[in-house]
Amino acid sequence: MSYAAGSNYLNHEKGLWSWLTTLDHKRIGIMYMISVFTFFFIGGVFAMLMRLELFDPGPLFAAQTYNQMMTYHGAIMTFMVIIPGIPAFIGNFTLPLLIGAKDVAFPRVNLLSWYCLMVGAAISFATLFFAGVDTGWTFYTPYSIQTSGTVLMVLGAFVMGFSSILTGLNFIVTVHKLRAPGMTFFRMPLMVWALYSTAVIQVLATPVLAITLLLLAFEKMFGVGIFDPNLGGDPVMFQHFFWFYSHPAVYIMILPAMGIISELITTFSRKTIFGYRAIAFSSIGIAAVSFFVWGHHMFVSGQSSFAGIIFSFITMLVGVPTAIKTFNWVATMYRGSIQLKSPMLYALGFLFLFTIGGVTGIMLATLAADVHFHDTYFVVAHFHYVMVGGTLMAIMGGVYYWLPKMFGKMYNEFGAQLSFLFIFCGFNITFFPQFLLGSAGMPRRYHEYLPEFTSLNKISSIGAWTIGFGFLIALAVIIHCILKGEKAPQNPWGGKTLEWTHADSPPIHENFATTPVVEAGPYEYGR
Amino acid sequence: MSEHEHHILPFKLYLKIFLSLVLFTFITVWVAQFNFGSLNTLIAMIVATIKATLVALYFMHLKYDDKTNAVCLLAGVFFLVVMFAFIAIDVASRIPLESTL
Amino acid sequence: MAHRITDTDGSHYAFHYKNSNHEFEASKFGIWVFLCTEILMFGGLFVGYILNSGKYPEVFEVGATFLDWKLGFLNTVILLFSSFTIALSIRNIQIGEQKKAFNNLLVTVLCGFGFMGVKGYEYSHKFHLGLLPGKFFNYTPHTAESDSHPTGEADEKPARSNASETSHVSELPKNMPMYFSFYFVMTGIHGTHVIIGMCLILWAMLRLKRGDFDPKHYTFVEGAALFWHLVDLVWIYLFPLLYLV
């Protein structure tokens with residue numbers, strides 16, 4: 001098929017309708033990008049309001065208002081940003097390119113998944129206008145059965161869950177069936193291994209969330225009696241069902257981030273990744289073991305201590321493949337030729353912040369210690385270190401890395417580095433004090449706190465506004481790039497994976513003029 | 001990717017499987033009239049699994065398909081068993097309180 | 001809109017596949033991945049059911065006496081037969097017997113109607129007795145015997161007092177509603193899937209009549225069949241669990 005010069009997926013068809021009915025994975029990825037960024041800013045606004053409340057120990061908003069804000073912050077960030085963020089946005093755009101395919105296995109299912117996210121999000125946001133939910137994003141019973149807004153909110157989450165399932169389903173089949181000739185499993189880029197492992201979790205875990213939310217809705221509407229202790233039900237069983245999904249879910253959040261880091265570190269060290277198979281198997285290993293550890297969210301819930309011991313032990317194990325990856329990334333950099341471009345800055349930021357997050361996770365996995373830490377700010381700091389310090393850093397790095405491929409334009413490097421500075425520093429200022437606050441006993445999900453926690457809270461709030469500012473800079477850099485950036489070459493970073501070596505920036509509608517034939521591994525830098 | 005012929009099974013085979021399934025359904029009911037106490041559920045599930053295996057292997061062609069399809073099914077079943085097992089361990093090992101009902 | 005390619009031998013497939021067989025195998029695999037999600041979703045319900053029946057054995061034992069195992073058995077055979085006929089219809093398409101395929105699909109759908117009919121009968125009988133889920137539970141055994149229905153519930157089937165359907169226990173356990181909550185949620189979600197399956201099969205029949213399928217191109221029917229088999233699989237487990245143990 002011959003293409004007119006300058007023809008690419010962006011100008012292939014014109015008009016809003018061509019976007020809303022597109023079957024092109026690249027366009028769908030961009031639509032996800034816009035959705036996810038928008039939801040991120042909305043969730044961020046709730047965060048800023050929360051940190052405003054927590055600047056002073058006394059109340060600013062009513063307790064219930066604060067509880068609603070923290071619920072929406074959590075629900076938006078979890079279901080609308082971090083879960084779809086990498087797989088559905090970056091993954092959708094890059095996966096077929098990375099394996100030399102022309103599209104994902106089921107393009108119509110792909111489009112459907114985006115609509116599921118949007119419809120589900122609309123339903124969830126609708127609750128803001130009817131009855132704000134104040135249960136926290138975890139919807140624990142029995143309170144979630146008693147309070148308002150639950151049914152609509154879980155319905156929204158249910159629909160968004162299908163978005164995740166369909167994306168995962170698509171990616172699994174794509175990786176199995178659509179790899180270019182010569183691309184064996186062990187010649188796939190590590191980003192693909194990461195997306196595949198993530199997809200397995202999406203497909204296996206999300207249905208359990210679906211049935212849990214459905215049962216919760218039925219419990220509220222019909223008084224089923226499975227989770228409500230007044231009817232003979234077991235609220236701990238709700239937690240079991242809920243965390244059976246939600247723990248693997250956090251690996252949906254972090255595995256693709258690790259995939260991005262693998263790509264960034266090898267490209268910007270101009271060196272073959274150290275321990276390719278170890279990283280590949282670790283991705284699968286993390287996905288598998290993640291299903292066995294959910295009870296570590298429930299150590300003080302009333303779960304038996306015997307079960308708690310089992311979960312604690314297995315959780316320790318899940319740190320091992322993660323550590324293997326971290327050592328391998330560092331070893332990749334050793335004697336590499338390091339380019340400190342902004343994607344690499346974010347990758348380095350990831351290494352530092354995710355390590356702290358991961359190690360504090362092991363502290364929380366220690367049953368006896370968790371009895372003290374549970375429901376304190378220590379937990380809040382831990383998961384923000386891994387989810388923001390980890391996943392969000394990786395998203396930013398991935399966005400800057402692939403932006404030239406997506407839009408064919410280069411962004412302003414200075415602006416990008418400035419965004420990194422504010423985000424990285426702001427992040428630590430916000431969340432490191434929260435480890436100290438948690439250890440000192442400050443509980444989470446409270447709108448007020450004891451006066452002795454004031455100074456650390458003030459520091460944390462100032463940090464939050466700093467991060468916010470950093471993201472505004474990032475947004476400006478990205479928008480400026482899309483509208484006015486300089487034309488990007490096909491391979492600005494000297495990467496070795498197929499999207500850089502064989503596809504234009506931006507790619508043509510069918511990705512490749514001719515199907516690439518793969519004869520070597522993905523990172524042949526010769527070092 | 002390897003080419004698969006669309007495998008066509010003989011009518012007699014489908015019929016034999018169907019009749020076996022009906023037979024096992026009779027067995028299901030027959031076995032249920034004996035009380036094995038706490039093993040009742042397990043035995044019923046085992047008979048059901050035999051029937052399910054027949055449906056999956058022959059009616060759903062898993063025996064003749066690419067093995068990935070069967071792995072997919074088994075993976076789902078495996079993790080379901082994990083979910084059940086760990087929750088059951090918790091429920092079974094809790095120290096019972098006085099019922100509030 | 002993902003444009004399709006037509007080869008010289010008449011086979012057609014989407015542009016990003018190598019050939020129609022490649023697309024068929026990928027589609028089949030995709031459907032299996034989807035079935036996997038259904039297993040985990042229904043599985044969650046089974047986990048809840050089994051664990052609660054362990055905790056409250058008398059609730060579940062008494063509850064089961066309200067179910068007629070003969071009707072459950074009938075439904076099992078109906079679904080097994082329908083699985084047989086839909087597998088046959090695939091075979092028919094594979095060897096070019098389009099008319100037989102259509103007939104087998106028709107029988108499958110009729111079995112579906114039969115299943116839902118039996119279910120409807122069972123449900124209406126329970127509604128009649130006030131055996132409803134959760135907070136609507138209001139068991140009143142005497143109305144099953146009398147002709148007058150004080151609540152005026154619309155009831156298509158005549159109320160038949162069936163010895164195995166009325167409880168032998170005069171005093172029901174306190175959280176009896178839990179049993180019927182599980183019963184209605186599990187059979188309800190299963191029934192919804194039966195209806196979805198029937199719609200898929202009807203659509204397949206329409207497309208078959210339109211000439212959309214031939215021995216090399218019948219992915220949609222394969223998908224509908226696999227979905228229908230799953231519906232059968234779930235019932236294979238549901239029947240003994242609800243009606244027999």
# chains A, B, ... in the order shown; residues from 1 in each chain; ligands from 1
call {"tool": "interface_residues", "arguments": {"of": "chain B", "to": "chain C", "cutoff": "8 Å", "atoms": "only C-alpha atoms", "output": "PyMOL selection string"}}
result
chain B and resi 1+3-4+6+8-9+11+14-15+18+21-22+25+28-29+32+40-41+44-45+48-49+51-52+55-56+59-60+68-69+72-73+75-77+80+83-84+88+91+101
call {"tool": "closest_atom_pairs", "arguments": {"of": "chain B", "to": "chain A", "cutoff": "7 Å", "atoms": "only C-alpha atoms", "output": "tab-separated table"}}
result
residue	atom	partner	partner_atom	distance
B:Gly76	CA	A:Leu204	CA	6.6
B:Ile87	CA	A:His240	CA	6.8
B:Ile89	CA	A:Ala307	CA	6.4
B:Asp90	CA	A:Ala307	CA	5.2
B:Ser93	CA	A:Ser304	CA	5.8
B:Arg94	CA	A:Ser304	CA	4.7
B:Leu101	CA	A:Gly232	CA	6.8
call {"tool": "write_last_selection", "arguments": {"atoms": "C-alpha atoms", "output": "compact mmCIF listing (two decimals), in the first residue's frame"}}
result
# COMPACT_ATOMS: atom_id res chain seq x y z
CA GLY B 76 -9.06 -19.42 35.61
CA ILE B 87 -10.75 -17.50 52.36
CA ILE B 89 -8.58 -21.13 55.69
CA ASP B 90 -9.42 -17.81 57.27
CA SER B 93 -9.42 -20.79 61.62
CA ARG B 94 -11.26 -17.94 63.21
CA LEU B 101 -28.34 -13.60 65.83
call {"tool": "interface_residues", "arguments": {"of": "chain A", "to": "chain C", "cutoff": "10 Å", "atoms": "only C-alpha atoms", "output": "PyMOL selection string"}}
result
chain A and resi 21-24+101-108+165-166+168-174+176-178+200+202-212+214-215+218-227+230-234+237-238+241+510
call {"tool": "select_by_dssp", "arguments": {"residues": "chain B", "states": "alpha helix (DSSP H)", "output": "ChimeraX atom specification"}}
result
/B:11-32,40-54,67-93
call {"tool": "residues_around", "arguments": {"residues": "Thr127 of chain A", "least_positions_apart": "5", "cutoff": "8 Å", "atoms": "only C-alpha atoms", "output": "list of chain:residue names"}}
result
A:Gly132, A:Val133, A:Gly149, A:Leu152, A:Met153
call {"tool": "write_last_selection", "arguments": {"atoms": "N, CA, C and O atoms", "output": "PDB file, in the first residue's frame"}}
result
ATOM      1  N   GLY A 132     -23.211  12.237  47.691  1.00  0.00           N
ATOM      2  CA  GLY A 132     -21.787  11.955  47.690  1.00  0.00           C
ATOM      3  C   GLY A 132     -21.447  10.729  48.508  1.00  0.00           C
ATOM      4  O   GLY A 132     -21.997  10.509  49.579  1.00  0.00           O
ATOM      5  N   VAL A 133     -20.546   9.908  47.963  1.00  0.00           N
ATOM      6  CA  VAL A 133     -20.142   8.703  48.681  1.00  0.00           C
ATOM      7  C   VAL A 133     -19.023   9.054  49.642  1.00  0.00           C
ATOM      8  O   VAL A 133     -18.111   9.802  49.293  1.00  0.00           O
ATOM      9  N   GLY A 149     -25.427   6.723  48.088  1.00  0.00           N
ATOM     10  CA  GLY A 149     -24.621   6.843  46.877  1.00  0.00           C
ATOM     11  C   GLY A 149     -23.858   5.605  46.485  1.00  0.00           C
ATOM     12  O   GLY A 149     -23.275   5.543  45.407  1.00  0.00           O
ATOM     13  N   LEU A 152     -24.860   3.547  42.995  1.00  0.00           N
ATOM     14  CA  LEU A 152     -24.492   4.181  41.716  1.00  0.00           C
ATOM     15  C   LEU A 152     -22.976   4.161  41.525  1.00  0.00           C
ATOM     16  O   LEU A 152     -22.464   3.884  40.448  1.00  0.00           O
ATOM     17  N   MET A 153     -22.250   4.434  42.593  1.00  0.00           N
ATOM     18  CA  MET A 153     -20.798   4.466  42.492  1.00  0.00           C
ATOM     19  C   MET A 153     -20.238   3.102  42.131  1.00  0.00           C
ATOM     20  O   MET A 153     -19.357   2.986  41.275  1.00  0.00           O
TER      21      MET A 153
END
call {"tool": "select_by_dssp", "arguments": {"residues": "segment 2-231 of chain C", "states": "strand (DSSP E)", "output": "PDB file with N, CA and C atoms, in the first residue's frame"}}
result
ATOM      1  N   ARG C   4     -11.152  -4.979   5.620  1.00  0.00           N
ATOM      2  CA  ARG C   4     -10.947  -6.388   5.431  1.00  0.00           C
ATOM      3  C   ARG C   4     -10.295  -6.636   4.080  1.00  0.00           C
ATOM      4  N   ILE C   5      -9.534  -7.706   4.055  1.00  0.00           N
ATOM      5  CA  ILE C   5      -8.852  -8.098   2.827  1.00  0.00           C
ATOM      6  C   ILE C   5      -9.551  -9.341   2.292  1.00  0.00           C
ATOM      7  N   THR C   6      -9.748  -9.426   0.990  1.00  0.00           N
ATOM      8  CA  THR C   6     -10.319 -10.642   0.400  1.00  0.00           C
ATOM      9  C   THR C   6      -9.277 -11.277  -0.499  1.00  0.00           C
ATOM     10  N   HIS C  12     -11.777 -14.133   3.551  1.00  0.00           N
ATOM     11  CA  HIS C  12     -11.644 -12.724   3.924  1.00  0.00           C
ATOM     12  C   HIS C  12     -11.274 -12.610   5.401  1.00  0.00           C
ATOM     13  N   TYR C  13     -10.536 -11.536   5.697  1.00  0.00           N
ATOM     14  CA  TYR C  13     -10.065 -11.347   7.069  1.00  0.00           C
ATOM     15  C   TYR C  13      -9.655  -9.897   7.250  1.00  0.00           C
ATOM     16  N   ALA C  14      -9.570  -9.488   8.523  1.00  0.00           N
ATOM     17  CA  ALA C  14      -9.185  -8.113   8.821  1.00  0.00           C
ATOM     18  C   ALA C  14      -7.727  -7.882   8.442  1.00  0.00           C
TER      19      ALA C  14
END
call {"tool": "atom_distance", "arguments": {"atom1": "atom CA of Thr315 of chain A", "atom2": "atom CA of Ile284 of chain A"}}
result
15.7 Å
call {"tool": "closest_residue", "arguments": {"among": "A:Ala416, A:Ala520, A:Ile252, A:Ile30", "to": "Asn92 of chain A", "atoms": "only C-alpha atoms"}}
result
A:Ile30
call {"tool": "residues_around", "arguments": {"residues": "segment 390-406 of chain A", "least_positions_apart": "2", "cutoff": "8 Å", "atoms": "only C-alpha atoms", "output": "JSON, numbers by chain"}}
result
{"A": [26, 82, 85, 86, 90, 93, 253, 254, 257, 258, 260, 261, 264, 342, 343, 344, 345, 346, 347, 349, 350, 351, 353, 354, 357, 385, 386, 387, 388, 408, 409, 410, 411, 416, 488, 489, 490, 492, 499, 500, 504, 505, 506, 507]}
call {"tool": "closest_residue", "arguments": {"among": "C:Gly10, C:Gly114, C:Gly188, C:Gly211", "to": "Lys99 of chain C", "atoms": "only C-alpha atoms"}}
result
C:Gly211
call {"tool": "atom_distance", "arguments": {"atom1": "atom CA of Ser89 of chain C", "atom2": "atom CA of Ile201 of chain C"}}
result
10.8 Å
call {"tool": "residues_around", "arguments": {"residues": "Ser197 of chain A", "least_positions_apart": "2", "cutoff": "7 Å", "atoms": "only C-alpha atoms", "output": "number ranges by chain"}}
result
A: 193-195, 199-201, 283-284, 287
call {"tool": "write_last_selection", "arguments": {"atoms": "all heavy atoms", "output": "short mmCIF file (atom, residue, chain, number, x, y, z; two decimals), in the first residue's frame"}}
result
data_model
loop_
_atom_site.label_atom_id
_atom_site.label_comp_id
_atom_site.auth_asym_id
_atom_site.auth_seq_id
_atom_site.Cartn_x
_atom_site.Cartn_y
_atom_site.Cartn_z
N TRP A 193 6.41 -7.79 27.77
CA TRP A 193 6.28 -8.73 28.89
C TRP A 193 5.48 -8.09 30.03
O TRP A 193 4.64 -8.75 30.65
CB TRP A 193 7.66 -9.12 29.42
CG TRP A 193 8.33 -10.20 28.63
CD1 TRP A 193 9.27 -10.04 27.65
CD2 TRP A 193 8.14 -11.61 28.76
NE1 TRP A 193 9.65 -11.26 27.16
CE2 TRP A 193 8.99 -12.24 27.81
CE3 TRP A 193 7.33 -12.41 29.58
CZ2 TRP A 193 9.04 -13.63 27.67
CZ3 TRP A 193 7.39 -13.78 29.43
CH2 TRP A 193 8.24 -14.38 28.49
N ALA A 194 5.77 -6.83 30.29
CA ALA A 194 5.07 -6.14 31.38
C ALA A 194 3.59 -6.00 31.06
O ALA A 194 2.73 -6.28 31.90
CB ALA A 194 5.69 -4.76 31.59
N LEU A 195 3.27 -5.59 29.84
CA LEU A 195 1.86 -5.41 29.48
C LEU A 195 1.13 -6.75 29.49
O LEU A 195 -0.04 -6.83 29.85
CB LEU A 195 1.75 -4.76 28.10
CG LEU A 195 2.13 -3.28 28.05
CD1 LEU A 195 2.22 -2.81 26.60
CD2 LEU A 195 1.12 -2.43 28.79
N ALA A 199 -1.96 -7.78 31.74
CA ALA A 199 -3.21 -8.21 31.12
C ALA A 199 -3.74 -9.48 31.77
O ALA A 199 -4.95 -9.64 31.95
CB ALA A 199 -2.99 -8.45 29.63
N VAL A 200 -2.83 -10.37 32.14
CA VAL A 200 -3.26 -11.60 32.82
C VAL A 200 -3.96 -11.25 34.13
O VAL A 200 -5.03 -11.80 34.46
CB VAL A 200 -2.04 -12.52 33.08
CG1 VAL A 200 -2.41 -13.64 34.02
CG2 VAL A 200 -1.53 -13.08 31.77
N ILE A 201 -3.39 -10.31 34.87
CA ILE A 201 -4.03 -9.90 36.12
C ILE A 201 -5.38 -9.26 35.83
O ILE A 201 -6.39 -9.56 36.48
CB ILE A 201 -3.15 -8.92 36.91
CG1 ILE A 201 -1.79 -9.49 37.21
CG2 ILE A 201 -3.85 -8.54 38.21
CD1 ILE A 201 -0.89 -8.52 37.96
N SER A 283 8.36 -10.44 35.87
CA SER A 283 7.05 -9.84 35.59
C SER A 283 5.95 -10.87 35.74
O SER A 283 4.93 -10.63 36.38
CB SER A 283 7.01 -9.28 34.17
OG SER A 283 8.02 -8.34 33.98
N ILE A 284 6.16 -12.04 35.13
CA ILE A 284 5.15 -13.10 35.25
C ILE A 284 5.04 -13.55 36.70
O ILE A 284 3.95 -13.79 37.21
CB ILE A 284 5.53 -14.30 34.35
CG1 ILE A 284 5.68 -13.87 32.90
CG2 ILE A 284 4.51 -15.41 34.48
CD1 ILE A 284 4.37 -13.62 32.20
N ALA A 287 3.07 -11.17 38.77
CA ALA A 287 1.63 -11.29 38.45
C ALA A 287 1.04 -12.50 39.16
O ALA A 287 -0.05 -12.42 39.74
CB ALA A 287 1.44 -11.41 36.94
#
call {"tool": "residues_around", "arguments": {"residues": "Tyr9 of chain A", "least_positions_apart": "3", "cutoff": "6 Å", "atoms": "only C-alpha atoms", "output": "ChimeraX atom specification"}}
result
/A:12,508-509
call {"tool": "closest_residue", "arguments": {"among": "A:Ser124, A:Leu367, A:Thr272, A:Thr332", "to": "Met316 of chain A", "atoms": "only C-alpha atoms"}}
result
A:Leu367
call {"tool": "atom_distance", "arguments": {"atom1": "atom CA of Leu105 of chain C", "atom2": "atom CA of Gly197 of chain C"}}
result
11.4 Å
call {"tool": "closest_residue", "arguments": {"among": "A:Phe407, A:Leu111, A:Gly336, A:Gly415", "to": "Glu486 of chain A", "atoms": "only C-alpha atoms"}}
result
A:Phe407
